[in-house]
$ cat my_file_23.tsv   # TSV, C-alpha atoms
chain	number	residue	atom	x	y	z
A	307	MET	CA	-21.15	13.18	-9.28
A	308	SER	CA	-19.87	13.84	-5.73
A	309	GLU	CA	-18.26	17.15	-4.81
A	310	THR	CA	-14.45	17.21	-4.80
A	311	VAL	CA	-12.26	19.10	-2.35
A	312	GLU	CA	-8.78	20.24	-3.42
A	313	LEU	CA	-6.06	21.03	-0.89
A	314	GLY	CA	-2.54	22.38	-1.24
A	315	GLN	CA	0.48	20.42	-0.01
A	316	ALA	CA	0.85	22.21	3.33
A	317	GLU	CA	-2.90	22.21	4.04
A	318	ALA	CA	-3.29	18.52	3.23
A	319	GLU	CA	-0.27	17.58	5.35
A	320	GLU	CA	-1.42	19.64	8.33
A	321	LEU	CA	-4.95	18.21	8.16
A	322	ALA	CA	-3.67	14.64	7.93
A	323	MET	CA	-1.25	15.11	10.85
A	324	LYS	CA	-3.95	16.56	13.08
A	325	ALA	CA	-6.31	13.72	12.18
A	326	CYS	CA	-3.73	11.04	13.01
A	327	LEU	CA	-2.68	12.66	16.28
A	328	HIS	CA	-6.27	13.16	17.45
A	329	ALA	CA	-7.16	9.60	16.43
A	330	GLY	CA	-4.53	8.30	18.85
A	331	ALA	CA	-1.29	8.02	16.87
A	332	ASN	CA	1.97	9.17	18.39
A	333	ARG	CA	3.98	11.64	16.36
A	334	PRO	CA	6.38	9.13	14.72
A	335	SER	CA	3.45	6.93	13.64
A	336	ALA	CA	1.54	9.94	12.36
A	337	ARG	CA	4.57	11.21	10.42
A	338	SER	CA	5.14	7.85	8.73
A	339	LEU	CA	1.47	7.41	7.85
A	340	VAL	CA	1.03	10.96	6.53
A	341	ASP	CA	4.10	10.65	4.29
A	342	ALA	CA	2.75	7.38	2.85
A	343	THR	CA	-0.75	8.82	2.43
A	344	LEU	CA	0.45	11.89	0.54
A	345	SER	CA	2.61	9.68	-1.69
A	346	ALA	CA	-0.33	7.37	-2.41
A	347	ALA	CA	-2.56	10.37	-3.13
A	348	ARG	CA	-0.04	11.65	-5.69
A	349	PHE	CA	1.06	8.44	-7.37
A	350	GLY	CA	-1.12	5.52	-6.30
A	351	PRO	CA	-4.74	4.62	-6.95
A	352	PRO	CA	-6.99	7.40	-5.52
A	353	THR	CA	-8.64	4.90	-3.16
A	354	LEU	CA	-5.32	4.28	-1.38
A	355	GLY	CA	-4.67	7.91	-0.50
A	356	PHE	CA	-7.00	9.83	1.81
A	357	PRO	CA	-9.91	7.37	1.46
A	358	HIS	CA	-7.76	4.58	2.93
A	359	MET	CA	-6.51	6.96	5.62
A	360	VAL	CA	-10.03	6.90	7.06
A	361	ASP	CA	-9.59	3.15	7.62
A	362	TYR	CA	-6.40	3.90	9.53
A	363	LEU	CA	-8.07	6.63	11.59
A	364	ASN	CA	-10.97	4.40	12.57
A	365	SER	CA	-8.50	1.62	13.35
A	366	PHE	CA	-6.46	3.84	15.68
A	367	ARG	CA	-9.63	4.72	17.50
A	368	GLU	CA	-11.02	1.19	17.68
A	369	GLY	CA	-7.80	-0.51	18.75
A	370	ARG	CA	-6.73	-2.31	15.58
A	371	ILE	CA	-3.62	-0.11	15.46
A	372	ASN	CA	-1.39	0.55	18.43
A	373	GLY	CA	-1.01	4.31	18.48
A	374	ASN	CA	2.14	4.23	20.61
A	375	PRO	CA	4.14	1.25	19.32
A	376	GLN	CA	7.73	0.40	20.15
A	377	PRO	CA	8.94	-1.43	17.02
A	378	LYS	CA	11.71	-3.91	17.67
A	379	LEU	CA	14.42	-4.02	15.00
A	380	ASP	CA	16.80	-6.92	14.62
A	381	ARG	CA	19.56	-7.92	12.19
A	382	PRO	CA	19.91	-11.72	12.11
A	383	PHE	CA	22.24	-11.55	9.06
A	384	PRO	CA	24.41	-8.73	7.67
A	385	ALA	CA	22.00	-7.93	4.82
A	386	TYR	CA	18.80	-9.06	6.57
A	387	LEU	CA	16.79	-6.61	8.69
A	388	SER	CA	13.68	-7.70	10.55
A	389	CYS	CA	11.11	-5.83	12.60
A	390	ASP	CA	8.29	-6.56	15.00
A	391	ALA	CA	6.00	-3.56	14.46
A	392	ASP	CA	4.30	-3.92	17.86
A	393	ARG	CA	0.85	-3.66	16.20
A	394	GLY	CA	1.68	-0.23	14.77
A	395	VAL	CA	1.52	1.04	11.20
A	396	ALA	CA	3.69	-0.86	8.72
A	397	GLN	CA	5.31	2.34	7.44
A	398	LEU	CA	6.89	3.22	10.81
A	399	GLY	CA	8.97	0.04	11.06
A	400	PHE	CA	10.10	0.47	7.47
A	401	ASP	CA	11.08	4.08	8.13
A	402	LEU	CA	13.16	3.07	11.15
A	403	ALA	CA	15.03	0.45	9.13
A	404	PHE	CA	15.21	2.37	5.84
A	405	GLU	CA	18.69	3.89	6.02
A	406	ASP	CA	20.21	0.61	7.22
A	407	LEU	CA	18.41	-1.23	4.40
A	408	VAL	CA	19.77	1.20	1.79
A	409	ALA	CA	23.26	0.99	3.24
A	410	ALA	CA	23.20	-2.81	3.33
A	411	ALA	CA	22.06	-2.97	-0.30
A	412	GLY	CA	24.89	-0.62	-1.25
A	413	THR	CA	27.42	-2.81	0.57
A	414	PHE	CA	26.23	-6.28	-0.40
A	415	GLY	CA	24.38	-5.51	-3.64
A	416	ILE	CA	21.15	-6.85	-2.15
A	417	ALA	CA	19.37	-6.54	1.20
A	418	ILE	CA	16.05	-7.65	2.66
A	419	PHE	CA	13.62	-6.18	5.18
A	420	THR	CA	10.92	-8.30	6.77
A	421	GLN	CA	8.27	-7.20	9.22
A	422	THR	CA	5.43	-8.74	11.13
A	423	ASN	CA	2.77	-7.67	13.62
A	424	SER	CA	1.67	-4.49	11.83
A	425	TYR	CA	-1.50	-3.02	10.39
A	426	THR	CA	-2.01	-3.44	6.63
A	427	ALA	CA	0.66	-1.85	4.44
A	428	GLY	CA	-1.53	0.54	2.41
A	429	GLU	CA	-0.16	1.39	-1.02
A	430	LEU	CA	2.56	-1.23	-1.48
A	431	GLY	CA	4.17	0.77	-4.30
A	432	TYR	CA	5.19	3.34	-1.68
A	433	PHE	CA	7.88	1.03	-0.29
A	434	VAL	CA	9.58	0.32	-3.61
A	435	ARG	CA	9.16	3.95	-4.72
A	436	ARG	CA	11.18	5.00	-1.68
A	437	LEU	CA	13.95	2.61	-2.72
A	438	ALA	CA	13.84	3.69	-6.36
A	439	ASP	CA	14.27	7.31	-5.25
A	440	ARG	CA	17.59	6.17	-3.79
A	441	GLY	CA	18.62	4.42	-6.99
A	442	LEU	CA	17.64	0.90	-5.87
A	443	VAL	CA	15.51	-1.74	-7.52
A	444	GLY	CA	12.79	-2.91	-5.13
A	445	LEU	CA	10.39	-5.82	-4.72
A	446	ALA	CA	7.70	-5.88	-2.02
A	447	ALA	CA	5.05	-8.36	-0.93
A	448	THR	CA	2.40	-8.29	1.79
A	449	ASN	CA	-0.76	-10.05	2.94
A	450	ALA	CA	-3.89	-9.29	4.97
A	451	ASN	CA	-7.14	-10.98	6.00
A	452	PRO	CA	-8.68	-13.59	3.67
A	453	MET	CA	-10.78	-12.15	0.83
A	454	VAL	CA	-9.79	-14.24	-2.18
A	455	VAL	CA	-10.74	-17.78	-3.16
A	456	ALA	CA	-8.32	-20.00	-5.06
A	457	LYS	CA	-11.23	-21.03	-7.31
A	458	PRO	CA	-14.95	-20.16	-7.53
A	459	GLY	CA	-16.95	-21.90	-4.83
A	460	GLY	CA	-13.93	-22.48	-2.62
A	461	PRO	CA	-13.19	-20.89	0.77
A	462	LYS	CA	-11.40	-17.58	1.16
A	463	VAL	CA	-7.75	-18.47	1.66
A	464	TYR	CA	-5.72	-15.42	0.56
A	465	SER	CA	-5.85	-11.67	0.87
A	466	THR	CA	-5.54	-9.61	-2.31
A	467	ASN	CA	-1.82	-10.30	-1.72
A	468	PRO	CA	-0.28	-7.49	-3.77
A	469	LEU	CA	3.20	-7.50	-5.26
A	470	ALA	CA	5.08	-4.29	-6.05
A	471	PHE	CA	8.21	-3.77	-8.14
A	472	GLY	CA	10.19	-0.58	-8.64
A	473	PHE	CA	13.04	0.30	-11.01
A	474	PRO	CA	14.65	3.77	-11.12
A	475	LEU	CA	14.65	5.45	-14.55
A	476	GLY	CA	16.78	8.51	-13.84
A	477	ASP	CA	16.52	11.72	-11.87
A	478	ASP	CA	14.10	13.55	-14.20
A	479	LEU	CA	11.53	10.73	-14.41
A	480	PRO	CA	9.50	8.98	-11.75
A	481	PRO	CA	10.56	5.35	-11.36
A	482	MET	CA	8.80	2.47	-13.01
A	483	ILE	CA	6.42	1.16	-10.34
A	484	ILE	CA	4.35	-1.99	-10.87
A	485	ASP	CA	1.92	-2.41	-7.99
A	486	GLN	CA	-0.91	-4.86	-8.42
A	487	ALA	CA	-3.01	-7.29	-6.49
A	488	SER	CA	-3.04	-11.00	-7.21
A	489	SER	CA	-6.83	-10.73	-7.09
A	490	ALA	CA	-8.67	-9.68	-10.24
A	491	THR	CA	-9.26	-6.27	-8.63
A	492	ALA	CA	-8.29	-4.61	-5.37
A	493	PHE	CA	-10.67	-4.78	-2.41
A	494	VAL	CA	-10.82	-0.97	-2.18
A	495	ASN	CA	-12.17	-0.89	-5.76
A	496	ILE	CA	-15.08	-3.12	-4.73
A	497	VAL	CA	-15.77	-0.86	-1.74
A	498	ALA	CA	-15.72	2.22	-4.00
A	499	ALA	CA	-18.06	0.60	-6.55
A	500	ALA	CA	-20.50	-0.37	-3.79
A	501	SER	CA	-20.59	3.16	-2.36
A	502	GLU	CA	-21.12	4.70	-5.81
A	503	GLY	CA	-23.69	2.16	-6.94
A	504	ARG	CA	-21.53	0.97	-9.86
A	505	PRO	CA	-21.32	-2.57	-11.18
A	506	ILE	CA	-17.97	-4.31	-11.04
A	507	PRO	CA	-16.32	-5.94	-14.07
A	508	GLU	CA	-17.09	-9.54	-14.87
A	509	GLY	CA	-14.71	-12.10	-13.40
A	510	CYS	CA	-13.72	-10.06	-10.34
A	511	ALA	CA	-15.84	-11.62	-7.64
A	512	VAL	CA	-18.46	-14.17	-6.61
A	513	ASP	CA	-21.40	-13.78	-4.24
A	514	SER	CA	-21.87	-15.66	-0.97
A	515	GLU	CA	-23.06	-18.70	-2.93
A	516	GLY	CA	-19.95	-18.77	-5.10
A	517	VAL	CA	-21.74	-17.46	-8.20
A	518	ASP	CA	-20.17	-14.82	-10.45
A	519	THR	CA	-21.58	-11.36	-9.73
A	520	LEU	CA	-21.37	-7.83	-11.08
A	521	ASP	CA	-23.03	-6.45	-7.92
A	522	ALA	CA	-20.42	-4.83	-5.67
A	523	HIS	CA	-22.57	-5.31	-2.55
A	524	LYS	CA	-22.90	-9.02	-3.26
A	525	ALA	CA	-19.16	-9.16	-3.89
A	526	LEU	CA	-18.48	-7.64	-0.46
A	527	ALA	CA	-20.63	-10.37	1.07
A	528	GLY	CA	-18.87	-12.97	-1.10
A	529	SER	CA	-15.28	-13.32	-2.26
A	530	LEU	CA	-12.79	-11.89	-4.72
A	531	LEU	CA	-11.34	-14.02	-7.51
A	532	PRO	CA	-7.66	-14.30	-8.42
A	533	PHE	CA	-6.65	-12.82	-11.76
A	534	GLY	CA	-6.03	-15.41	-14.44
A	535	GLY	CA	-7.55	-18.30	-12.52
A	536	ARG	CA	-5.04	-20.80	-11.18
A	537	LYS	CA	-2.04	-18.71	-12.31
A	538	GLY	CA	-3.23	-15.75	-10.26
A	539	ALA	CA	-3.86	-18.04	-7.30
A	540	ASN	CA	-0.27	-19.25	-7.60
A	541	VAL	CA	0.94	-15.63	-7.51
A	542	ALA	CA	-1.15	-15.10	-4.36
A	543	LEU	CA	0.48	-18.17	-2.82
A	544	MET	CA	3.94	-16.90	-3.76
A	545	VAL	CA	3.17	-13.53	-2.14
A	546	GLU	CA	1.87	-15.35	0.93
A	547	MET	CA	5.18	-17.18	1.28
A	548	LEU	CA	7.26	-14.06	0.63
A	549	SER	CA	5.34	-11.94	3.15
A	550	ALA	CA	4.00	-14.20	5.91
A	551	GLY	CA	6.43	-17.05	5.24
A	552	LEU	CA	9.66	-15.05	5.34
A	553	SER	CA	8.59	-12.63	8.08
A	554	GLY	CA	7.06	-15.25	10.36
A	555	GLY	CA	3.80	-13.30	10.31
A	556	PRO	CA	0.34	-14.88	10.29
A	557	TRP	CA	-1.02	-16.54	7.18
A	558	SER	CA	-3.97	-14.73	5.64
A	559	LEU	CA	-6.28	-17.44	6.97
A	560	ASP	CA	-5.32	-16.34	10.50
A	561	VAL	CA	-5.40	-12.55	10.01
A	562	ALA	CA	-8.13	-10.43	11.62
A	563	ASP	CA	-10.28	-8.10	9.52
A	564	PHE	CA	-8.51	-4.75	9.11
A	565	ARG	CA	-11.82	-2.82	9.09
A	566	SER	CA	-13.67	-4.25	12.10
A	567	GLY	CA	-13.11	-5.49	15.64
A	568	ASP	CA	-10.31	-4.47	17.99
A	569	ARG	CA	-7.65	-7.00	17.01
A	570	SER	CA	-4.55	-6.05	15.01
A	571	PRO	CA	-4.22	-7.79	11.65
A	572	GLY	CA	-0.55	-8.33	12.53
A	573	ILE	CA	0.35	-8.89	8.89
A	574	GLY	CA	3.68	-9.68	7.23
A	575	LEU	CA	5.67	-7.48	4.86
A	576	THR	CA	8.84	-8.25	2.93
A	577	VAL	CA	10.83	-5.68	0.94
A	578	LEU	CA	13.86	-6.59	-1.17
A	579	ALA	CA	16.37	-3.87	-2.16
A	580	MET	CA	18.83	-4.48	-5.02
A	581	MET	CA	21.62	-2.45	-6.59
A	582	PRO	CA	21.13	-2.08	-10.38
A	583	GLY	CA	24.79	-2.79	-11.07
A	584	THR	CA	27.57	-0.24	-10.78
A	585	ILE	CA	27.30	3.34	-12.00
A	586	GLU	CA	29.78	2.57	-14.75
A	587	GLU	CA	27.55	-0.20	-16.11
A	588	GLY	CA	24.73	2.28	-16.75
A	589	ARG	CA	21.91	-0.14	-15.97
A	590	ILE	CA	19.45	2.61	-15.05
A	591	GLU	CA	19.97	4.44	-18.34
A	592	ARG	CA	19.68	1.13	-20.19
A	593	ALA	CA	16.38	0.38	-18.44
A	594	ARG	CA	15.11	3.86	-19.29
A	595	GLU	CA	15.95	3.40	-22.96
A	596	GLN	CA	14.14	0.07	-23.02
A	597	ALA	CA	11.10	1.57	-21.28
A	598	GLU	CA	11.01	4.39	-23.84
A	599	ARG	CA	11.35	1.91	-26.69
A	600	LEU	CA	8.43	-0.15	-25.35
A	601	LYS	CA	6.37	2.99	-24.82
A	602	ASP	CA	6.94	3.99	-28.44
A	603	LEU	CA	5.53	0.58	-29.40
A	604	GLY	CA	2.32	1.31	-27.49
A	605	VAL	CA	3.20	-0.56	-24.30
A	606	TYR	CA	1.92	0.98	-21.06
A	607	ILE	CA	4.89	1.66	-18.78
A	608	PRO	CA	3.79	2.52	-15.23
A	609	GLY	CA	5.71	5.63	-14.20
A	610	MET	CA	5.88	7.12	-17.68
A	611	SER	CA	2.18	7.78	-18.22
A	612	ARG	CA	0.73	11.29	-18.25
A	613	GLY	CA	-1.02	10.64	-14.94
A	614	GLU	CA	2.15	9.67	-13.13
A	615	LEU	CA	4.11	12.57	-14.61
A	616	ALA	CA	1.31	14.90	-13.52
A	617	GLY	CA	1.54	13.41	-10.03
A	618	LEU	CA	5.25	14.21	-9.96
A	619	ARG	CA	4.53	17.88	-10.72
A	620	SER	CA	1.35	18.27	-8.70
A	621	ARG	CA	1.33	19.92	-5.31
A	622	THR	CA	-2.42	19.71	-4.75
A	623	PHE	CA	-4.53	16.83	-3.49
A	624	LYS	CA	-8.10	16.07	-4.49
A	625	MET	CA	-10.57	13.95	-2.54
A	626	PRO	CA	-14.34	13.44	-2.37
A	627	ARG	CA	-16.15	15.76	0.01
A	628	SER	CA	-17.22	12.76	2.14
A	629	ILE	CA	-13.58	11.76	2.65
A	630	TYR	CA	-12.55	15.32	3.46
A	631	ASP	CA	-15.35	15.56	6.02
A	632	ALA	CA	-14.27	12.25	7.59
A	633	VAL	CA	-10.64	13.37	7.95
A	634	CYS	CA	-11.80	16.73	9.35
A	635	PHE	CA	-13.98	14.84	11.84
A	636	PHE	CA	-10.86	13.27	13.33
A	637	ALA	CA	-8.71	16.39	12.94
A	638	SER	CA	-11.20	18.30	15.08
A	639	GLY	CA	-10.79	15.80	17.91
A	640	SER	CA	-14.23	14.27	17.41
A	641	GLY	CA	-12.78	10.86	16.53
A	642	THR	CA	-11.30	10.20	19.97
A	643	ALA	CA	-12.40	7.27	22.11
A	644	GLY	CA	-15.98	7.58	23.29
A	645	ASN	CA	-17.28	9.10	20.06
A	646	ALA	CA	-18.74	7.14	17.19
A	647	PRO	CA	-16.36	6.64	14.27
A	648	LEU	CA	-17.19	8.21	10.95
A	649	THR	CA	-17.01	5.84	8.04
A	650	PRO	CA	-18.21	7.78	5.00
A	651	PRO	CA	-19.58	6.09	1.91
A	652	ARG	CA	-16.98	5.68	-0.81

$ encode --input "my_file_23.tsv" --output "structure tokens"
Amino acid sequence: MSETVELGQAEAEELAMKACLHAGANRPSARSLVDATLSAARFGPPTLGFPHMVDYLNSFREGRINGNPQPKLDRPFPAYLSCDADRGVAQLGFDLAFEDLVAAAGTFGIAIFTQTNSYTAGELGYFVRRLADRGLVGLAATNANPMVVAKPGGPKVYSTNPLAFGFPLGDDLPPMIIDQASSATAFVNIVAAASEGRPIPEGCAVDSEGVDTLDAHKALAGSLLPFGGRKGANVALMVEMLSAGLSGGPWSLDVADFRSGDRSPGIGLTVLAMMPGTIEEGRIERAREQAERLKDLGVYIPGMSRGELAGLRSRTFKMPRSIYDAVCFFASGSGTAGNAPLTPPR
């Protein structure tokens, strides 16, 4: 079992900021990315916290992310905000539009944010969690480079195309956050299994010949499968239309690999913000009561599990030693242009 490093809030934040700045990010980009990384490390899958930050750091260095972007915000309709991220991180454009998005949702009951021309969105649940913290229901969709086949033996046509949904449950509970890929498993889970020498579950991926495989390395050379067969492929198509279709961003078939080369993925992101009725209607309390009733019946409610409640209270961050060393590599200034990137096994 690999060694684990544990950092306090301030130490983790300082390390992450230094790493981003030395990798080539300007301060606003670094701030947005660090906030999202710390949130993912607390609440999201472990692979989307500091391990995924290493992808960002390498991408700053290798040119897949513009470290000094000038996002262009527009408002084509009163409750419709759009952004060209200028090849920067997706979180920066969202941060710049966030207060206007919240205000528009409060005025009109519903508002939409679309964005194109950014690096991949990271933990998608982060975007709807931000809205839920302001008392808003959120729905988010995004795409990336093709990794998923519509059926075994077919070509890769979709990314993992995740969909995230958030519903506030009251001030003393984290919100309900559903964040899942339309593929049978997330790409980062395949990468983690390959680095740790673990098999992957059956039905997650096929090898380069289109044959089912439990070998993570063969899966990386092959393709991911949608969950639930054709139904999962339909969800991936829906996400494709919500993200790339609404934003005007590139379809997954046209997106560059987010882990290699020097071209920005330029992906699409769409976030919908909705008011859960008026305060007098008590829709949040009603949703909380229903969530508690379902939980009592043995239903898993994301946001009310012990792990998520622990994340709410925790002020420390754990990561594998290899990931810590990789982030320190950049924080020291060693990850600047002209030096070889460090991509640790994970």

$ closest_atom_pairs --input "my_file_23.tsv" --of "region 404-455 of chain A" --to "region 584-595 of chain A" --cutoff "12 Å" --atoms "only C-alpha atoms" --output "Markdown table"
| residue | atom | partner | partner_atom | distance |
| --- | --- | --- | --- | --- |
| A:Gly412 | CA | A:Thr584 | CA | 9.9 |
| A:Thr413 | CA | A:Thr584 | CA | 11.6 |
| A:Gly415 | CA | A:Thr584 | CA | 9.4 |
| A:Ala438 | CA | A:Ile590 | CA | 10.4 |
| A:Arg440 | CA | A:Ile590 | CA | 12.0 |
| A:Gly441 | CA | A:Ile590 | CA | 8.3 |
| A:Leu442 | CA | A:Ile590 | CA | 9.5 |
| A:Val443 | CA | A:Ile590 | CA | 9.5 |

$ closest_residue --input "my_file_23.tsv" --among "A:Gly572, A:Gly399, A:Gly460, A:Pro468" --to "Val541 (chain A)" --atoms "only C-alpha atoms"
A:Pro468

$ residues_near_point --input "my_file_23.tsv" --point "(13.1, 7.5, -3.3)" --cutoff "12 Å" --atoms "all atoms listed in the file" --output "PDB file with C-alpha atoms, in the frame of the given file"
ATOM      1  CA  SER A 345       2.610   9.680  -1.690  1.00  0.00           C
ATOM      2  CA  PHE A 404      15.210   2.370   5.840  1.00  0.00           C
ATOM      3  CA  GLU A 405      18.690   3.890   6.020  1.00  0.00           C
ATOM      4  CA  VAL A 408      19.770   1.200   1.790  1.00  0.00           C
ATOM      5  CA  GLY A 431       4.170   0.770  -4.300  1.00  0.00           C
ATOM      6  CA  TYR A 432       5.190   3.340  -1.680  1.00  0.00           C
ATOM      7  CA  PHE A 433       7.880   1.030  -0.290  1.00  0.00           C
ATOM      8  CA  VAL A 434       9.580   0.320  -3.610  1.00  0.00           C
ATOM      9  CA  ARG A 435       9.160   3.950  -4.720  1.00  0.00           C
ATOM     10  CA  ARG A 436      11.180   5.000  -1.680  1.00  0.00           C
ATOM     11  CA  LEU A 437      13.950   2.610  -2.720  1.00  0.00           C
ATOM     12  CA  ALA A 438      13.840   3.690  -6.360  1.00  0.00           C
ATOM     13  CA  ASP A 439      14.270   7.310  -5.250  1.00  0.00           C
ATOM     14  CA  ARG A 440      17.590   6.170  -3.790  1.00  0.00           C
ATOM     15  CA  GLY A 441      18.620   4.420  -6.990  1.00  0.00           C
ATOM     16  CA  LEU A 442      17.640   0.900  -5.870  1.00  0.00           C
ATOM     17  CA  VAL A 443      15.510  -1.740  -7.520  1.00  0.00           C
ATOM     18  CA  GLY A 444      12.790  -2.910  -5.130  1.00  0.00           C
ATOM     19  CA  GLY A 472      10.190  -0.580  -8.640  1.00  0.00           C
ATOM     20  CA  PHE A 473      13.040   0.300 -11.010  1.00  0.00           C
ATOM     21  CA  PRO A 474      14.650   3.770 -11.120  1.00  0.00           C
ATOM     22  CA  LEU A 475      14.650   5.450 -14.550  1.00  0.00           C
ATOM     23  CA  GLY A 476      16.780   8.510 -13.840  1.00  0.00           C
ATOM     24  CA  ASP A 477      16.520  11.720 -11.870  1.00  0.00           C
ATOM     25  CA  LEU A 479      11.530  10.730 -14.410  1.00  0.00           C
ATOM     26  CA  PRO A 480       9.500   8.980 -11.750  1.00  0.00           C
ATOM     27  CA  PRO A 481      10.560   5.350 -11.360  1.00  0.00           C
ATOM     28  CA  MET A 482       8.800   2.470 -13.010  1.00  0.00           C
ATOM     29  CA  ILE A 483       6.420   1.160 -10.340  1.00  0.00           C
ATOM     30  CA  ALA A 579      16.370  -3.870  -2.160  1.00  0.00           C
TER      31      ALA A 579
END

$ atom_distance --input "my_file_23.tsv" --atom1 "CA of Lys601 (chain A)" --atom2 "CA of Thr353 (chain A)"
26.4 Å

$ closest_residue --input "my_file_23.tsv" --among "A:Thr310, A:Thr426, A:Ser365, A:Ser338" --to "Ser628 (chain A)" --atoms "only C-alpha atoms"
A:Thr310

$ residues_around --input "my_file_23.tsv" --residues "region 521-524 of chain A" --least-positions-apart "5" --cutoff "12 Å" --atoms "only C-alpha atoms" --output "list in words"
Thr491, Phe493, Val494, Asn495, Ile496, Val497, Ala498, Ala499, Ala500, Ser501, Glu502, Gly503, Arg504, Pro505, Ile506, Pro507, Glu508, Gly509, Cys510, Ala511, Val512, Asp513, Ser514, Glu515, Gly516, Ser529 and Leu530 of chain A

$ residues_around --input "my_file_23.tsv" --residues "region 313-330 of chain A" --least-positions-apart "4" --cutoff "6 Å" --atoms "all atoms listed in the file" --output "PDB file with C-alpha atoms, in the frame of the given file"
ATOM      1  CA  ALA A 336       1.540   9.940  12.360  1.00  0.00           C
ATOM      2  CA  LEU A 363      -8.070   6.630  11.590  1.00  0.00           C
ATOM      3  CA  PHE A 366      -6.460   3.840  15.680  1.00  0.00           C
ATOM      4  CA  ARG A 367      -9.630   4.720  17.500  1.00  0.00           C
ATOM      5  CA  GLY A 373      -1.010   4.310  18.480  1.00  0.00           C
ATOM      6  CA  ARG A 621       1.330  19.920  -5.310  1.00  0.00           C
ATOM      7  CA  THR A 622      -2.420  19.710  -4.750  1.00  0.00           C
ATOM      8  CA  PHE A 623      -4.530  16.830  -3.490  1.00  0.00           C
ATOM      9  CA  PHE A 636     -10.860  13.270  13.330  1.00  0.00           C
ATOM     10  CA  ALA A 637      -8.710  16.390  12.940  1.00  0.00           C
ATOM     11  CA  GLY A 639     -10.790  15.800  17.910  1.00  0.00           C
ATOM     12  CA  GLY A 641     -12.780  10.860  16.530  1.00  0.00           C
ATOM     13  CA  THR A 642     -11.300  10.200  19.970  1.00  0.00           C
TER      14      THR A 642
END

$ atom_distance --input "my_file_23.tsv" --atom1 "CA of Ile371 (chain A)" --atom2 "CA of Pro357 (chain A)"
17.1 Å

$ axis_aligned_box --input "my_file_23.tsv" --around "region 428-434 of chain A" --padding-each-side "5 Å" --output "lines of an AutoDock Vina configuration file"
center_x = 4.0
center_y = 1.1
center_z = -0.9
size_x = 21.1
size_y = 14.6
size_z = 16.7

$ closest_residue --input "my_file_23.tsv" --among "A:Val455, A:Leu559, A:Gly604, A:Ser570" --to "Arg536 (chain A)" --atoms "all atoms listed in the file"
A:Val455

$ atom_distance --input "my_file_23.tsv" --atom1 "CA of Leu445 (chain A)" --atom2 "CA of Ser424 (chain A)"
18.8 Å

$ closest_residue --input "my_file_23.tsv" --among "A:Ala347, A:Met625, A:Ala342, A:Ala632" --to "Asp401 (chain A)" --atoms "only C-alpha atoms"
A:Ala342

$ closest_residue --input "my_file_23.tsv" --among "A:Phe414, A:Pro382, A:Leu402, A:Ala346" --to "Pro334 (chain A)" --atoms "all atoms listed in the file"
A:Leu402

$ closest_residue --input "my_file_23.tsv" --among "A:Cys634, A:Cys389, A:Leu407, A:Ile418" --to "Gly574 (chain A)" --atoms "all atoms listed in the file"
A:Cys389

$ residues_around --input "my_file_23.tsv" --residues "Phe400 (chain A)" --least-positions-apart "6" --cutoff "10 Å" --atoms "only C-alpha atoms" --output "number ranges by chain"
A: 338, 377, 379, 387-389, 391, 407, 419-421, 433, 575-577

$ residues_near_point --input "my_file_23.tsv" --point "(4.4, -5.6, -12.0)" --cutoff "6 Å" --atoms "only C-alpha atoms" --output "list in words"
Phe471, Ile484 and Asp485 of chain A
